[in-house]
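Asker: Structure: work_19.txt, compact mmCIF, C-alpha atoms.
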# COMPACT_ATOMS: atom_id res chain seq x y z
CA MET F 159 -18.43 -4.54 13.69
CA VAL F 160 -15.18 -2.80 14.60
CA SER F 161 -14.45 0.90 14.90
CA GLU F 162 -10.68 0.82 14.57
CA PHE F 163 -7.93 -1.31 13.11
CA SER F 164 -5.72 -3.55 15.22
CA ASP F 165 -2.24 -2.48 16.22
CA ALA F 166 -0.80 -5.30 14.11
CA PHE F 167 -2.60 -3.99 11.02
CA LEU F 168 -1.63 -0.35 11.63
CA LEU F 169 2.04 -1.26 12.05
CA GLU F 170 1.89 -3.24 8.82
CA ALA F 171 0.21 -0.33 7.03
CA GLU F 172 2.93 2.00 8.29
CA ARG F 173 5.63 -0.20 6.75
CA HIS F 174 4.26 0.67 3.31
CA ALA F 175 3.20 4.28 3.93
CA ALA F 176 6.20 6.29 2.67
CA TRP F 177 6.99 3.91 -0.19
CA GLY F 178 3.33 3.53 -1.13
CA ALA F 179 2.61 7.26 -1.27
CA ALA F 180 5.53 7.79 -3.65
CA GLN F 181 4.55 4.76 -5.74
CA LEU F 182 0.94 5.93 -6.09
CA GLU F 183 2.19 9.29 -7.38
CA THR F 184 4.25 7.44 -9.99
CA LEU F 185 1.30 5.27 -11.04
CA THR F 186 -1.05 8.26 -11.28
CA ALA F 187 1.41 10.07 -13.55
CA PHE F 188 1.76 6.99 -15.77
CA VAL F 189 -1.91 6.06 -16.27
CA PRO F 190 -3.61 8.34 -18.83
CA ASP F 191 -6.99 9.94 -18.37
CA GLY F 192 -9.86 8.33 -20.19
CA PRO F 193 -12.64 5.76 -19.91
CA TRP F 194 -11.76 2.37 -18.46
CA THR F 195 -12.79 -1.21 -19.02
CA ALA F 196 -11.73 -4.45 -17.36
CA ASP F 197 -11.94 -8.01 -18.62
CA LEU F 198 -11.48 -10.17 -15.54
CA PRO F 199 -11.07 -13.59 -17.20
CA SER F 200 -8.08 -12.26 -19.16
CA CYS F 201 -6.83 -10.07 -16.27
CA THR F 202 -6.85 -7.09 -18.64
CA TYR F 203 -7.49 -3.45 -17.76
CA ARG F 204 -7.67 -0.64 -20.30
CA GLN F 205 -7.71 3.09 -19.64
CA GLY F 206 -7.18 5.58 -22.42
CA GLU F 207 -4.44 4.15 -24.62
CA LEU F 208 -2.96 2.01 -21.84
CA GLU F 209 -3.58 -1.71 -21.53
CA MET F 210 -2.15 -3.64 -18.60
CA ARG F 211 -2.50 -6.83 -16.64
CA ILE F 212 -4.33 -6.46 -13.31
CA ALA F 213 -5.54 -8.40 -10.31
CA VAL F 214 -8.67 -7.74 -8.27
CA LEU F 215 -7.67 -6.62 -4.79
CA GLY F 216 -11.09 -6.04 -3.25
CA THR F 217 -14.42 -4.25 -3.36
CA PHE F 218 -16.03 -1.66 -1.10
CA ASP F 219 -19.80 -1.70 -0.76
CA MET F 220 -20.77 1.88 0.07
CA GLU F 221 -24.30 0.97 1.13
CA GLU F 222 -23.29 -1.87 3.43
CA GLN F 223 -20.02 -0.08 4.29
CA SER F 224 -18.13 -3.33 4.00
CA TRP F 225 -14.94 -4.51 2.35
CA MET F 226 -14.52 -7.87 0.62
CA TRP F 227 -11.07 -9.11 -0.38
CA GLY F 228 -10.79 -10.21 -4.00
CA TRP F 229 -9.52 -13.64 -3.01
CA ALA F 230 -12.72 -14.14 -0.98
CA ASN F 231 -15.16 -13.12 -3.72
CA PRO F 232 -17.29 -16.21 -4.47
CA GLY F 233 -17.35 -15.40 -8.18
CA LEU F 234 -13.56 -14.99 -8.39
CA ARG F 235 -12.18 -17.35 -5.77
CA GLY F 236 -9.44 -19.56 -7.21
CA THR F 237 -9.28 -17.75 -10.57
CA GLU F 238 -6.22 -16.17 -12.14
CA VAL F 239 -7.43 -12.61 -11.54
CA VAL F 240 -7.06 -13.05 -7.76
CA SER F 241 -3.91 -15.20 -7.75
CA LEU F 242 -1.76 -12.18 -6.82
CA THR F 243 -4.07 -11.01 -4.06
CA GLU F 244 -4.22 -14.46 -2.50
CA GLY F 245 -0.80 -13.41 -1.21
CA VAL F 246 -2.53 -10.90 1.09
CA GLU F 247 -4.39 -13.67 2.87
CA ARG F 248 -1.27 -15.86 3.14
CA TYR F 249 0.72 -12.96 4.59
CA GLY F 250 -2.04 -12.18 7.06
CA ARG F 251 -2.10 -15.75 8.34
CA ALA F 252 1.68 -15.91 8.62
CA HIS F 253 1.81 -12.65 10.60
CA ARG F 254 -1.50 -13.02 12.45
CA ILE F 255 -3.11 -9.88 11.03
CA ALA F 256 -6.86 -10.50 11.19
CA GLU F 257 -7.80 -7.69 8.80
CA LEU F 258 -5.90 -9.45 6.01
CA THR F 259 -7.51 -12.85 6.59
CA GLU F 260 -11.19 -12.01 7.21
CA GLU F 261 -13.12 -12.43 3.98
CA VAL F 262 -15.46 -9.49 4.63
CA LEU F 263 -14.85 -6.61 7.04
CA ASP F 264 -17.70 -4.50 8.40
CA LEU F 265 -16.39 -0.91 8.32
CA SER F 266 -19.61 0.79 9.41
CA GLY F 267 -18.20 1.48 12.87
CA PHE F 268 -15.37 3.64 11.50
CA ALA F 269 -15.77 7.41 11.48
CA ASP F 270 -14.87 7.33 7.76
CA PRO F 271 -15.57 3.88 6.26
CA ARG F 272 -14.34 4.96 2.82
CA ARG F 273 -10.97 5.95 4.25
CA ALA F 274 -10.81 2.63 6.09
CA ALA F 275 -11.38 0.84 2.78
CA GLU F 276 -8.59 2.86 1.19
CA MET F 277 -6.25 1.83 4.03
CA LEU F 278 -7.06 -1.81 3.38
CA ALA F 279 -6.35 -1.35 -0.33
CA PHE F 280 -3.14 0.55 0.42
CA THR F 281 -1.89 -2.12 2.81
CA GLY F 282 -2.82 -4.97 0.46
CA MET F 283 -0.86 -3.25 -2.29
CA GLY F 284 2.18 -3.00 -0.03
CA VAL F 285 2.01 -6.58 1.22
CA VAL F 286 2.25 -8.00 -2.30
CA ARG F 287 4.55 -5.17 -3.46
CA ALA F 288 2.29 -4.15 -6.32
CA PRO F 289 3.15 -0.86 -8.04
CA GLY F 290 0.02 0.90 -6.82
CA TYR F 291 -3.71 0.34 -6.83
CA ILE F 292 -6.60 1.72 -8.86
CA GLY F 293 -10.06 2.30 -7.38
CA MET F 294 -12.99 2.61 -9.79
CA PRO F 295 -16.80 2.66 -9.50
CA ALA F 296 -18.27 -0.70 -10.51
CA GLY F 297 -21.98 0.00 -10.34
CA PRO F 298 -24.19 1.92 -7.93
CA GLY F 299 -22.60 2.04 -4.51
CA THR F 300 -19.67 -0.26 -5.28
CA GLN F 301 -16.00 0.57 -5.66
CA VAL F 302 -13.63 -2.04 -7.08
CA TYR F 303 -9.89 -1.94 -6.42
CA PHE F 304 -7.39 -3.32 -8.92
CA LEU F 305 -3.68 -4.01 -8.51
CA PRO F 306 -1.43 -3.49 -11.54
CA ASP F 307 0.40 -6.76 -12.18
CA ASP F 308 2.45 -5.67 -15.15
CA PRO F 309 6.19 -4.95 -15.58
CA GLN F 310 5.49 -1.89 -17.73
CA ILE F 311 4.33 0.05 -14.66
CA PRO F 312 7.26 2.19 -13.46
CA ARG F 313 8.59 1.94 -9.93
CA ALA F 314 9.24 5.09 -7.91
CA ALA F 315 12.97 5.65 -7.60
CA LEU F 316 14.66 6.74 -4.40
CA ASP F 317 15.54 10.43 -4.77
CA PRO F 318 17.98 11.56 -2.03
CA VAL F 319 17.06 15.21 -2.58
CA ALA F 320 13.35 14.53 -2.10
CA LEU F 321 13.91 11.99 0.69
CA PRO F 322 13.04 14.27 3.64
CA ARG F 323 9.71 15.22 2.04
CA THR F 324 9.02 11.60 1.05
CA LEU F 325 9.58 10.31 4.58
CA LEU F 326 7.72 13.13 6.32
CA THR F 327 4.75 12.80 3.96
CA GLY F 328 4.65 9.04 4.39
CA ALA F 329 4.93 9.20 8.17
CA SER F 330 1.99 11.64 8.33
CA LEU F 331 -0.43 9.48 6.34
CA ILE F 332 -1.34 7.07 9.12
CA GLY F 333 0.42 8.64 12.08
CA HIS F 334 0.79 5.43 14.07
CA SER F 335 4.55 4.79 13.90
CA ALA F 336 6.98 7.01 12.03
CA ARG F 337 9.73 4.48 12.72
CA HIS F 338 7.86 1.77 10.83
CA ALA F 339 7.20 4.15 7.94
CA VAL F 340 10.90 4.97 7.65
CA ALA F 341 12.18 1.42 8.12
CA GLY F 342 9.59 0.10 5.69
CA TYR F 343 10.58 2.63 3.03
CA PHE F 344 14.19 1.47 3.12
CA ASP F 345 13.09 -2.18 3.15
CA HIS F 346 11.07 -1.63 -0.02
CA HIS F 347 14.18 -0.20 -1.69
CA GLY F 348 16.42 -3.02 -0.42
CA MET F 349 18.68 -0.68 1.54
CA ALA F 350 20.74 -1.72 4.55
CA GLN F 351 19.79 0.15 7.71
CA ARG F 352 20.87 0.33 11.33
CA THR F 353 19.07 1.50 14.45
CA ASP F 354 20.89 3.27 17.27
CA GLY F 355 18.59 4.65 19.94
CA ASP F 356 16.46 7.37 18.38
CA ARG F 357 18.23 7.22 15.02
CA ILE F 358 17.89 5.08 11.90
CA THR F 359 20.82 5.18 9.48
CA ALA F 360 20.45 3.83 5.94
CA ASP F 361 23.07 3.28 3.25
CA LEU F 362 22.07 4.82 -0.09
CA PRO F 363 22.92 3.21 -3.45
CA SER F 364 25.23 6.17 -4.17
CA GLY F 365 27.50 5.18 -1.28
CA ASP F 366 26.24 8.06 0.84
CA SER F 367 24.14 7.52 3.96
CA VAL F 368 21.17 9.20 5.60
CA ASP F 369 20.35 9.66 9.28
CA ILE F 370 16.75 9.94 10.45
CA ASP F 371 16.39 11.16 14.03
CA PHE F 372 13.18 10.80 16.05
CA ASP F 373 12.00 12.98 18.92
CA THR F 374 10.74 11.71 22.28
CA ALA F 375 7.21 11.38 20.84
CA GLY F 376 8.50 9.12 18.07
CA ARG F 377 8.09 11.70 15.30
CA ILE F 378 10.70 12.43 12.64
CA ALA F 379 12.79 15.26 14.03
CA HIS F 380 15.54 15.53 11.43
CA VAL F 381 16.70 13.94 8.19
CA SER F 382 20.35 14.50 7.27
CA LEU F 383 22.26 13.24 4.25
CA LYS F 384 25.91 12.37 4.80
CA VAL F 385 27.89 12.61 1.56
CA SER F 386 30.92 10.36 1.20
CA PRO F 387 34.18 12.19 0.45
Translate the structure of the given file into structure tokens.

Answerer:
Amino acid sequence: MVSEFSDAFLLEAERHAAWGAAQLETLTAFVPDGPWTADLPSCTYRQGELEMRIAVLGTFDMEEQSWMWGWANPGLRGTEVVSLTEGVERYGRAHRIAELTEEVLDLSGFADPRRAAEMLAFTGMGVVRAPGYIGMPAGPGTQVYFLPDDPQIPRAALDPVALPRTLLTGASLIGHSARHAVAGYFDHHGMAQRTDGDRITADLPSGDSVDIDFDTAGRIAHVSLKVSP
């Protein structure tokens, strides 16, 4: 039993924080309200009028307060519905992040096991660059997490006007490393960036650039857009 995540995991989670928060907003706006069904052999998820391809990311057992990765589920291991999420385990091994390679994690030592499960889902989504995740009850005391694996799901665009809010919101989600949240956001959008002391500068697709300055505590102090003449 552990009561906190490793530094390696938290830094990885931070890389996806700002991008992931914006992407989850986009997914939530896209998926209609309504009852849901999932057919795992065909990798199909339906909610309201929407049908999309999905993968099983993991499950959270609320009674046992444990998380099981989809790729480790004995009933799903090696099947198509976990082929995407097998990438989480491969990434974890390559980068030596134990939380991504352990089949089952005991979260009962965390102050908020449910939030810990959400962090695992959030990080798994970011590692495989899925356009969000969907958590749904799958019986008494069990929550199943799906990853959309379908090109029809929209991707959150980079909005220069909303960028300060996006970065500040993302950096506040985990609160471990604002620098990783900022750098990870630009990485997800494929933007060139440079670090100079307490400043990260990124080149926007418009040809403009943005400076993000950090204070002595490592928090975002200022975000300034520099418009090309």

Asker: Could you jot down the atom CA of F:Glu238 to atom CA of F:Ala288 separation for me, Å, one decimal place?

Answerer: 15.8 Å

Asker: Taking only C-alpha atoms into account, which of F:Leu316, F:Leu305, F:Leu321, F:Ile212 comes nearest F:Val246?

Answerer: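 Between F:Leu316, F:Leu305, F:Leu321, F:Ile212, the residue approaching F:Val246 most closely is F:Leu305.
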
Asker: Give the answer as one residue: which of F:Asp270, F:Glu260, F:Asp356, F:Asp361 has the shortest atom-to-atom distance to F:Arg377, using only C-alpha atoms?

Answerer: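 Ranking F:Asp270, F:Glu260, F:Asp356, F:Asp361 by distance to F:Arg377, first place goes to F:Asp356.
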
Asker: With a distance cut-off of 7 Å and all atoms listed in the file, select the neighbouring residues of stretch 274-286 of chain F, excluding the residue or stretch itself and same-chain residues fewer than 6 positions from it, and output the selection as a PyMOL selection string.

Answerer: chain F and resi 171+174+178+218+225+245-246+265+305

Asker: Taking into account all atoms listed in the file, which residue in the set F:Gly348, F:Gly299, F:Gly376, F:Pro322 is nearest to F:Met220?

Answerer: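 Under the stated criterion, the closest residue is F:Gly299.
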
Asker: Between atom CA of F:Glu162 and atom CA of F:Leu185, measure the distance and give it in Å to one decimal.

Answerer: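 Going from atom CA of F:Glu162 over to atom CA of F:Leu185, I get 28.6 Å.
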
Asker: Assuming 5 Å of padding per side, give the centre and edge lengths of the axis-aligned box around every listed atom of stretch 221-240 of chain F, in Å to one decimal and as lines of an AutoDock Vina configuration file.

Answerer:
center_x = -15.3
center_y = -9.3
center_z = -3.9
size_x = 28.1
size_y = 30.5
size_z = 26.4

Asker: Using all atoms listed in the file, pick whichever of F:Lys384, F:His347, F:Arg352, F:Arg357 has the shortest atom-to-atom distance to F:Ala180.

Answerer: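 Once distances to F:Ala180 are computed over all atoms listed in the file, the minimum belongs to F:His347.
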
Asker: Can you list, as JSON, numbers by chain, every protein, DNA or RNA residue that comes within 12 Å of F:Pro289 when you count all atoms listed in the file, leaving out same-chain residues fewer than 6 positions away?

Answerer: {"F": [174, 177, 178, 179, 180, 181, 182, 183, 184, 185, 186, 188, 189, 211, 212, 213, 280, 282, 283, 304, 305, 306, 307, 308, 309, 310, 311, 312, 313, 314, 315, 346]}

Asker: Here is a test: counting only C-alpha atoms, which residue of F:Ala339, F:Val368, F:Val239, F:Ala379 is nearest to F:Gln351?

Answerer: F:Val368

Asker: Skipping near chain neighbours, those fewer than 6 positions away, what residues fall within 10 Å of F:Val385 using only C-alpha atoms, listed as a list in words?

Answerer: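 Once the nearby chain positions are removed, what remains is Leu362, Ser364, Gly365, Asp366, Ser367 and Val368 of chain F.
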
Asker: Looking at F:Gln301, F:Thr195, F:Gln223, F:Ser200, which one is nearest to F:Ala269, with distances taken over only C-alpha atoms?

Answerer: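 Comparing F:Gln301, F:Thr195, F:Gln223, F:Ser200 against F:Ala269, the winner is F:Gln223.
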
Asker: How many Å separate atom CA of F:Ala341 from atom CA of F:Gly355?

Answerer: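 Value for the atom CA of F:Ala341-atom CA of F:Gly355 distance: 13.8 Å.
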
Asker: Give me the residues near F:Gly206 as a list in words, where near means some atom within 8 Å (using all atoms listed in the file) and where sequence neighbours in that chain fewer than 4 positions away do not count.

Answerer: Pro190, Asp191, Gly192, Pro193 and Trp194 of chain F

Asker: May I have the residues within 7 Å of F:Ala329 as a PDB file with C-alpha atoms, in the frame of the given file, using all atoms listed in the file and disregarding those fewer than 5 positions away in the same chain?

Answerer:
ATOM      1  CA  ALA F 175       3.200   4.280   3.930  1.00  0.00           C
ATOM      2  CA  ALA F 176       6.200   6.290   2.670  1.00  0.00           C
ATOM      3  CA  ALA F 336       6.980   7.010  12.030  1.00  0.00           C
ATOM      4  CA  ALA F 339       7.200   4.150   7.940  1.00  0.00           C
TER       5      ALA F 339
END
